Each structure stands twice: as structure tokens, then as C-alpha cells.
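As provided, entry22.cif (mmCIF, C-alpha atoms) reads as follows.
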data_query
loop_
_atom_site.label_atom_id
_atom_site.label_comp_id
_atom_site.auth_asym_id
_atom_site.auth_seq_id
_atom_site.Cartn_x
_atom_site.Cartn_y
_atom_site.Cartn_z
CA MET A 1 -316.53 -35.87 13.96
CA GLU A 2 -315.10 -33.94 11.00
CA TYR A 3 -313.19 -36.94 9.61
CA ASP A 4 -313.41 -37.81 5.92
CA PRO A 5 -311.43 -41.01 5.18
CA LEU A 6 -312.35 -40.87 1.48
CA HIS A 7 -310.47 -37.58 1.18
CA GLY A 8 -307.57 -38.44 3.48
CA ILE A 9 -308.85 -36.62 6.57
CA MET A 10 -308.18 -39.17 9.27
CA PRO A 11 -307.88 -38.98 13.04
CA THR A 12 -304.43 -38.21 14.36
CA GLY A 13 -302.72 -38.79 17.68
CA ARG A 14 -303.71 -41.69 19.90
CA LEU A 15 -307.05 -42.26 18.16
CA GLY A 16 -305.30 -42.48 14.80
CA ILE A 17 -302.93 -45.11 16.20
CA LEU A 18 -305.70 -47.20 17.78
CA LEU A 19 -308.09 -47.29 14.79
CA PRO A 20 -306.15 -49.77 12.60
CA TYR A 21 -305.85 -52.23 15.48
CA TYR A 22 -309.56 -52.17 16.18
CA GLY A 23 -310.30 -52.24 12.45
CA PHE A 24 -308.58 -55.60 12.27
CA ALA A 25 -311.24 -56.95 14.66
CA ALA A 26 -313.85 -56.33 11.93
CA PHE A 27 -311.70 -58.25 9.44
CA LEU A 28 -311.30 -61.13 11.91
CA LEU A 29 -315.02 -61.27 12.65
CA THR A 30 -315.86 -61.20 8.92
CA THR A 31 -313.44 -64.08 8.27
CA ILE A 32 -314.84 -66.17 11.11
CA LEU A 33 -318.44 -65.52 10.00
CA TYR A 34 -317.56 -66.45 6.40
CA CYS A 35 -315.95 -69.71 7.51
CA ARG A 36 -318.89 -70.55 9.81
CA LEU A 37 -321.76 -69.57 7.50
CA VAL A 38 -320.43 -70.21 3.99
CA GLU A 39 -317.83 -72.95 4.49
CA LYS A 40 -319.78 -74.49 7.43
CA ARG A 41 -316.58 -74.89 9.48
CA ASN A 42 -316.46 -74.89 13.25
CA LEU A 43 -314.00 -72.75 15.22
CA GLU A 44 -311.78 -75.73 16.05
CA SER A 45 -311.19 -76.35 12.32
CA LEU A 46 -309.85 -72.77 12.18
CA GLY A 47 -307.39 -73.52 14.97
CA TYR A 48 -309.41 -72.00 17.80
CA GLY A 49 -309.26 -74.91 20.22
CA LYS A 50 -311.14 -75.17 23.47
CA LYS A 51 -308.21 -73.94 25.59
CA VAL A 52 -308.52 -70.15 25.28
CA THR A 53 -306.10 -69.99 28.22
CA ASP A 54 -303.35 -70.87 25.73
CA TYR A 55 -303.51 -67.20 24.76
CA PHE A 56 -301.91 -66.38 28.12
CA SER A 57 -299.27 -69.08 27.61
CA GLY A 58 -298.26 -67.27 24.42
CA GLY A 59 -298.22 -63.99 26.33
CA ILE A 60 -295.85 -65.41 28.94
CA ILE A 61 -293.56 -66.68 26.16
CA ALA A 62 -293.60 -63.19 24.58
CA VAL A 63 -292.64 -61.44 27.83
CA PHE A 64 -289.86 -63.98 28.48
CA LEU A 65 -288.43 -63.55 24.97
CA LEU A 66 -288.67 -59.75 25.14
CA VAL A 67 -286.84 -59.59 28.47
CA ILE A 68 -283.97 -61.54 26.89
CA ILE A 69 -283.96 -59.60 23.61
CA ILE A 70 -284.31 -56.13 25.16
CA GLY A 71 -281.63 -57.04 27.70
CA LEU A 72 -279.24 -58.11 24.92
CA CYS A 73 -280.02 -54.98 22.86
CA TYR A 74 -279.35 -52.80 25.90
CA PHE A 75 -276.11 -54.70 26.68
CA VAL A 76 -274.73 -54.19 23.14
CA LYS A 77 -275.94 -50.56 23.16
CA ALA A 78 -278.44 -51.02 20.32
CA ILE A 79 -280.99 -49.27 22.55
CA SER A 80 -280.66 -46.79 25.38
CA TRP A 81 -282.76 -46.28 28.51
CA VAL A 82 -284.27 -42.83 28.50
CA GLY A 83 -286.58 -43.14 31.51
CA ILE A 84 -290.19 -43.57 32.52
CA ASN A 85 -292.62 -41.80 30.21
CA GLU A 86 -294.44 -39.35 32.47
CA ASN A 87 -296.89 -38.56 29.64
CA SER A 88 -298.21 -42.12 29.36
CA ASN A 89 -301.96 -42.48 29.80
CA ILE A 90 -303.17 -45.71 31.46
CA THR A 91 -306.51 -45.65 29.58
CA TYR A 92 -304.63 -45.41 26.29
CA ILE A 93 -302.27 -48.23 27.36
CA ILE A 94 -305.26 -50.46 28.13
CA CYS A 95 -306.83 -49.59 24.77
CA LEU A 96 -303.52 -50.48 23.07
CA TRP A 97 -303.48 -53.85 24.85
CA ILE A 98 -307.01 -54.63 23.67
CA GLY A 99 -306.16 -53.43 20.15
CA PHE A 100 -303.02 -55.54 19.91
CA ILE A 101 -305.07 -58.67 20.60
CA PHE A 102 -306.54 -58.14 17.07
CA SER A 103 -303.71 -56.50 15.20
CA PHE A 104 -301.50 -56.93 12.17
CA PRO A 105 -301.34 -53.50 10.50
CA HIS A 106 -297.76 -52.79 11.60
CA VAL A 107 -296.45 -55.03 8.81
CA PHE A 108 -297.10 -52.37 6.18
CA SER A 109 -294.59 -50.02 7.80
CA LEU A 110 -291.80 -52.36 6.68
CA PHE A 111 -292.09 -50.94 3.21
CA GLU A 112 -291.82 -47.33 4.39
CA THR A 113 -288.22 -47.64 5.62
CA GLU A 114 -284.75 -48.16 4.16
CA THR A 115 -284.27 -51.37 2.20
CA LYS A 116 -281.78 -52.90 4.66
CA TYR A 117 -284.29 -52.52 7.53
CA ALA A 118 -287.13 -53.88 5.38
CA VAL A 119 -285.04 -56.97 4.52
CA ILE A 120 -284.22 -57.57 8.20
CA GLY A 121 -287.90 -57.11 9.03
CA ILE A 122 -289.01 -59.60 6.38
CA ILE A 123 -286.47 -62.17 7.63
CA ASN A 124 -287.77 -61.61 11.15
CA LEU A 125 -291.34 -62.11 9.92
CA TYR A 126 -290.38 -65.46 8.41
CA LEU A 127 -288.65 -66.53 11.62
CA ILE A 128 -291.57 -65.57 13.85
CA SER A 129 -293.97 -67.25 11.40
CA ILE A 130 -292.04 -70.49 11.90
CA ILE A 131 -292.33 -70.08 15.67
CA PHE A 132 -296.07 -69.35 15.42
CA SER A 133 -296.56 -72.36 13.15
CA LEU A 134 -294.65 -74.68 15.46
CA LEU A 135 -296.65 -73.49 18.47
CA MET A 136 -299.86 -74.06 16.53
CA LEU A 137 -298.80 -77.58 15.52
CA ILE A 138 -297.52 -78.55 18.98
CA ARG A 139 -300.61 -77.27 20.82
CA SER A 140 -303.18 -77.86 18.04
CA ASN A 141 -304.51 -74.47 19.03
CA ILE A 142 -303.98 -71.02 17.51
CA TRP A 143 -304.54 -69.24 20.84
CA VAL A 144 -300.94 -69.65 22.00
CA ALA A 145 -299.62 -68.03 18.80
CA CYS A 146 -302.21 -65.24 19.14
CA GLY A 147 -301.11 -64.65 22.72
CA LEU A 148 -297.44 -64.55 21.78
CA HIS A 149 -298.07 -62.14 18.90
CA GLY A 150 -300.45 -59.78 20.67
CA THR A 151 -298.47 -59.64 23.91
CA TRP A 152 -295.17 -59.19 22.05
CA ASN A 153 -296.50 -56.14 20.19
CA PHE A 154 -298.21 -54.69 23.26
CA VAL A 155 -295.19 -55.03 25.56
CA LEU A 156 -292.75 -53.76 22.93
CA TYR A 157 -294.85 -50.71 22.02
CA GLY A 158 -297.15 -50.03 24.98
CA ILE A 159 -294.83 -50.87 27.87
CA ILE A 160 -291.22 -50.62 26.62
CA GLY A 161 -291.99 -47.75 24.24
CA LEU A 162 -290.17 -48.99 21.13
CA SER A 163 -291.63 -48.82 17.63
CA LEU A 164 -293.08 -51.79 15.76
CA SER A 165 -291.73 -53.10 12.47
CA GLY A 166 -289.67 -50.03 11.78
CA SER A 167 -292.56 -47.62 12.29
CA GLU A 168 -291.52 -44.04 12.94
CA ILE A 169 -294.53 -43.44 15.22
CA ASN A 170 -293.36 -42.54 18.71
CA SER A 171 -294.86 -44.67 21.45
CA ASP A 172 -296.61 -43.32 24.49
CA GLY A 173 -295.55 -46.47 26.33
CA ILE A 174 -294.88 -46.57 30.05
CA MET A 175 -291.10 -46.80 29.60
CA HIS A 176 -289.04 -44.89 27.11
CA PHE A 177 -286.14 -46.39 25.18
CA LYS A 178 -284.62 -45.06 22.00
CA THR A 179 -283.11 -46.99 19.14
CA ASN A 180 -279.44 -46.36 18.43
CA TYR A 181 -279.15 -46.75 14.67
CA ILE A 182 -275.89 -48.27 13.53
CA SER A 183 -274.72 -47.39 10.01
#
Could you render the structure as C-alpha cells?
Amino acid sequence: MEYDPLHGIMPTGRLGILLPYYGFAAFLLTTILYCRLVEKRNLESLGYGKKVTDYFSGGIIAVFLLVIIIGLCYFVKAISWVGINENSNITYIICLWIGFIFSFPHVFSLFETETKYAVIGIINLYLISIIFSLLMLIRSNIWVACGLHGTWNFVLYGIIGLSLSGSEINSDGIMHFKTNYIS
């Protein structure tokens, strides 16, 4: 395939965007196998309760919160509607959705931006961590937090077309908004 990760020759474009998200699935599987085989823990002790449907509850919460937040950002002119992205590819959007179920690599982009945006991002990470923790404690199940996180990222990037965690990567999402940076 002519890629050489050891020498910095990595896929670009859509494939390059999808790879980190799917790579996280390997990390997740390795962690679960370690906990099962070495620590002899069952999935429920890791927070994976029997109600996998809680993942969709978290997804509904994410969509609800994003409608409010995007609406407020649009109202105060922090973002602008550009239009529907006619270049969006439904297969790619579906692959993004699957990838976001297992993802966390967008956090590293916080440290590639201006300090003021990184600080805001870190504060936001603490706030969302509190929400995830409360959902986990209330439901005794990690699935609802996973659903909120994965759906949040997918809708924000894959549907609405905004970047994640300050990333400069342009989205091929279905809609197209742009961020209006305020100095």
C-alpha cells in the first residue's frame, strides 16, 4: 500500500482521518482482554453493564445537548451556516460513526493550538468528565457515557461539520458550518 509509518509515510485524506479512530478499537480490546485474562475481572466490573441499550440513551443526550449548544453558538454568531456539503460521502460518514464509537484521539489536538483555546478545551474536558462520571454512577453502566461521547463527536464532526477539540482538519460532514474566531 506504499505506507511506511516508521518513516512518517502515513495515509492522508479520509483514510488518514479514520485510522486513529479504528486504532483505538485495538487498544480497547487489548485492555478488556488484559482485565479478563490477567486480572480475572468480568465486564460488569469494568462498567459494561447488561443494558447495552444505554449507549443509545447517551446518544440521545448528546444530540439534545448539541442542538442546544449549536443553536446558541449560531444565535451569538460564534458559528455561521455555510450550507449542505455536496461533497459528503455517505460511506465515509458511516465509517466515521463506527469509528467514533471507539475514539479518543482528538484530545491530542488540544496541544497543537493557541494556549487560550487549549485551556478552554482542558476545562471542557474536565466538565464533560464530570458528566460522564455522574452518568456512570447514576446508571451503574458505562454504556450511557460511551453513547454520549461517541454520538457527540460523530454528530459534531460527521453531521454538523465542525472540528473536534480545536483540530484544524476540515470535516466532510453532511452540513457545513464555519467557526467565527473572536479575538
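CA of His149 in chain A is found 22.0 Å from CA of Lys178 in chain A.
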What do you get, as a PDB file with C-alpha atoms, in the coordinates of the input, if you spell out every residue that the PyMOL selection byres ((chain A and resi 89) around 12) selects here?
ATOM      1  CA  ARG A  14    -303.710 -41.690  19.900  1.00  0.00           C
ATOM      2  CA  ASN A  85    -292.620 -41.800  30.210  1.00  0.00           C
ATOM      3  CA  GLU A  86    -294.440 -39.350  32.470  1.00  0.00           C
ATOM      4  CA  ASN A  87    -296.890 -38.560  29.640  1.00  0.00           C
ATOM      5  CA  SER A  88    -298.210 -42.120  29.360  1.00  0.00           C
ATOM      6  CA  ILE A  90    -303.170 -45.710  31.460  1.00  0.00           C
ATOM      7  CA  THR A  91    -306.510 -45.650  29.580  1.00  0.00           C
ATOM      8  CA  TYR A  92    -304.630 -45.410  26.290  1.00  0.00           C
ATOM      9  CA  ILE A  93    -302.270 -48.230  27.360  1.00  0.00           C
ATOM     10  CA  ILE A  94    -305.260 -50.460  28.130  1.00  0.00           C
ATOM     11  CA  CYS A  95    -306.830 -49.590  24.770  1.00  0.00           C
ATOM     12  CA  LEU A  96    -303.520 -50.480  23.070  1.00  0.00           C
ATOM     13  CA  GLY A 158    -297.150 -50.030  24.980  1.00  0.00           C
ATOM     14  CA  ILE A 159    -294.830 -50.870  27.870  1.00  0.00           C
ATOM     15  CA  SER A 171    -294.860 -44.670  21.450  1.00  0.00           C
ATOM     16  CA  ASP A 172    -296.610 -43.320  24.490  1.00  0.00           C
ATOM     17  CA  GLY A 173    -295.550 -46.470  26.330  1.00  0.00           C
ATOM     18  CA  ILE A 174    -294.880 -46.570  30.050  1.00  0.00           C
ATOM     19  CA  MET A 175    -291.100 -46.800  29.600  1.00  0.00           C
TER      20      MET A 175
END
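CA of Ile142 in chain A to CA of Arg36 in chain A spans 16.8 Å [interatomic distance, one decimal].
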>> When you look at Gly58 in chain A with a cut-off of 10 Å (counting all atoms listed in the file), what residues show up, excluding the ones that are within fewer than 4 positions of it in the same chain? I need them as a ChimeraX atom specification.
In response: /A:53-54,62-64,132,135,142-152
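Between Leu18 in chain A and the candidates A:Ile138, A:Leu43, A:Ile98, A:Val155, the tightest atom-to-atom separation, counting all atoms listed in the file, involves A:Ile98.
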> Quick one, how far is CA of Lys51 in chain A from CA of Ala26 in chain A?
Replying inline: 23.0 Å
>> From the options A:Met136, A:Val119, A:Ile69, A:Ile131, which residue's atoms come nearest to Tyr48 in chain A, counting only C-alpha atoms?
In response: A:Met136
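With all atoms listed in the file as the atoms that count, the minimum distance from Trp97 in chain A to the choices A:Asn153, A:Ser140, A:Thr179, A:Asn42 is reached by A:Asn153.
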First collect every listed atom of range 35-54 of chain A; then fit an axis-aligned box around them, widen it by 6 Å on each side, and give centre and edge lengths in Å to one decimal, as JSON.
{"center_x": -312.6, "center_y": -73.0, "center_z": 16.1, "size_x": 30.4, "size_y": 18.8, "size_z": 36.2}
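Among the candidates A:Leu134, A:Val76, A:Ile84, A:Leu164, the residue lying nearest to Gly121 in chain A is A:Leu164 (atoms considered: all atoms listed in the file).
Each of A:Tyr157, A:Tyr55, A:Tyr126, A:Phe102 was checked against Asn141 in chain A using all atoms listed in the file; the smallest atom-to-atom distance is that of A:Tyr55.
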